[in-house]
Number of protein chains: 4
Amino acid sequence: MNKSSETRVRVRYKETDQMGIAHHANYLVWFELGRTDLCRLAGMPYSEIEAQGVILVVTEVVCRYVAPFRYDDEVVVRTRIESSNARKIVFAYELFDATDHRRASGRTSHVWLDAERRRPVRAPDAILEMFDPWCDGGEVGP
Amino acid sequence: MNKSSETRVRVRYKETDQMGIAHHANYLVWFELGRTDLCRLAGMPYSEIEAQGVILVVTEVVCRYVAPFRYDDEVVVRTRIESSNARKIVFAYELFDATDHRRASGRTSHVWLDAERRRPVRAPDAILEMFDPWCDGGEVGP
Amino acid sequence: MNKSSETRVRVRYKETDQMGIAHHANYLVWFELGRTDLCRLAGMPYSEIEAQGVILVVTEVVCRYVAPFRYDDEVVVRTRIESSNARKIVFAYELFDATDHRRASGRTSHVWLDAERRRPVRAPDAILEMFDPWCDGGEVGP
Amino acid sequence: MNKSSETRVRVRYKETDQMGIAHHANYLVWFELGRTDLCRLAGMPYSEIEAQGVILVVTEVVCRYVAPFRYDDEVVVRTRIESSNARKIVFAYELFDATDHRRASGRTSHVWLDAERRRPVRAPDAILEMFDPWCDGGEVGP
């Protein structure tokens, strides 16, 4: 499995709903924090990606909810690159609580677009190379 | 295919992001508006569901993004019940623009919980019966 | 008092918090819906304002909360222009429930910026003229 | 001036809008993070406050916006208690950027309510005592 980044965030009061748990739409925002941190760790902060004239748009989101988070709970987001090529990148996420129990997991798929014309493009090599070490998969090879 | 409800909502300025499009997490909120309206149309407003001591918690979300919505665009949400039994209900959504082009689709899965103890329960018959007419499927033959 | 526009919106489930009421930050979003509708009614949709190369940035917000809104409550937003000149515009808001009880009020102040350079500018006359009928004040005497 | 707590938060992509800056409604959420941290530092985490059967509801918010925050900017929230008595508490906030320039300031007023009946109550002494050291004001003389 590819190596992962780790992001810690606390459930905000604003993120709770009247069920007394974090509303499910916030998980997509936490995923976003996770991939932001992975990009930063890879040496390619997302703001720099956009500065290079490309954007990453989401084409698909999947999230599975196992157990809820509550107000002020710490959420540990582990993010990996599941696959990456010049056109498309898929991130995988697992959300753990402070005692390392998995409470949710998900996946987001993205394509690279030219920021100006909003058409699919090949990601700049400089960007893809930064992601390379995150895409090898530990399990490759004899 | 089961019959659908229709909800119209405009993209709020707050819902845009610096790409100039509606942020992808908002689609889950629009899905929620869609199933809220379906429940209301079925004669079982969601507030009444919770008043009966049960809650519907989301166990899985899938969303596919085809083309973006922009600020002030009208979003037409068509919501159907994909499947329903005493334990679980699945809603399906399609998002159209004002010219009836489909821009996104998705699905949310839910289980019924006892509001107090937060344990899985059978949904009250009174609720399930209200959903029945939305679950027949028009295509069921003799 | 200047004439007002009226916007109706229902409290979304996502907008509730664990107190079981609409979180106070959402009121600012409802204010935004209110002034969006006022601009549209004035013949100058906000998207058209931005298309003219200017943006309205918020410089101050005040909101007073009298009684809470709950999930699915209808919120009636009445929006007026409190004052307007070539540099600055102030909107005033009152939020009523479905039985016409006032539950909140507020005010947002904005300055006109050049969209490109983000520097203060005089608003285009075409825009200011559209707002004129909303700024007379009925009470101005001879 | 009373002593302050400090909270650091980064602007989330979801918090930007199509102007390319953090949407103004998010400042209220950052204020909330600030007072959450102050309460925690005071030895009275907000979750514990609610566990004592009281809630703090917002009665007024004021926010002044001086300069915008952008995506991924660090926001430093300095929070103080401006005044506190058995019925009411006022928090004051200043938002700084990473180079210690003030970009916004604000104030939120709150009253103590009985969580069950939602009626004004005197805050429990145990809570008020925890806040005492934050309310002395350095300037109180002999």
# chains A, B, ... in the order shown; residues from 1 in each chain; ligands from 1

call {"tool": "residues_around", "arguments": {"residues": "stretch 107-112 of chain D", "least_positions_apart": "3", "cutoff": "10 Å", "atoms": "only C-alpha atoms", "output": "MDAnalysis selection string"}}
result
(chainID C and resid 62:65) or (chainID D and resid 28 31:32 35 54:64 79:94 115 118:124)

call {"tool": "closest_atom_pairs", "arguments": {"of": "chain A", "to": "chain C", "cutoff": "7 Å", "atoms": "only C-alpha atoms", "output": "JSON lines"}}
result
{"residue": "A:Tyr13", "atom": "CA", "partner": "C:Asp17", "partner_atom": "CA", "distance": 7.0}
{"residue": "A:Lys14", "atom": "CA", "partner": "C:Asp17", "partner_atom": "CA", "distance": 6.2}
{"residue": "A:Thr16", "atom": "CA", "partner": "C:Asp17", "partner_atom": "CA", "distance": 4.9}
{"residue": "A:Asp17", "atom": "CA", "partner": "C:Asp17", "partner_atom": "CA", "distance": 3.9}
{"residue": "A:Gln18", "atom": "CA", "partner": "C:Gln18", "partner_atom": "CA", "distance": 4.5}
{"residue": "A:Met19", "atom": "CA", "partner": "C:Gln18", "partner_atom": "CA", "distance": 6.5}
{"residue": "A:Gly20", "atom": "CA", "partner": "C:Gln18", "partner_atom": "CA", "distance": 4.5}
{"residue": "A:His23", "atom": "CA", "partner": "C:Lys14", "partner_atom": "CA", "distance": 6.5}

call {"tool": "select_by_dssp", "arguments": {"residues": "chain A", "states": "strand (DSSP E)", "output": "number ranges by chain"}}
result
A: 5-10, 54-65, 74-84, 88-96, 102-114

call {"tool": "closest_residue", "arguments": {"among": "B:Gly43, B:Gly34, B:Pro68, B:Pro133", "to": "B:Arg103", "atoms": "only C-alpha atoms"}}
result
B:Pro68

call {"tool": "closest_residue", "arguments": {"among": "D:Val77, D:Cys39, D:Cys135, D:Ile49", "to": "D:Met1", "atoms": "only C-alpha atoms"}}
result
D:Cys135

call {"tool": "residues_around", "arguments": {"residues": "C:His101", "least_positions_apart": "5", "cutoff": "12 Å", "atoms": "only C-alpha atoms", "output": "PyMOL selection string"}}
result
chain C and resi 66-69+74-77+94-96
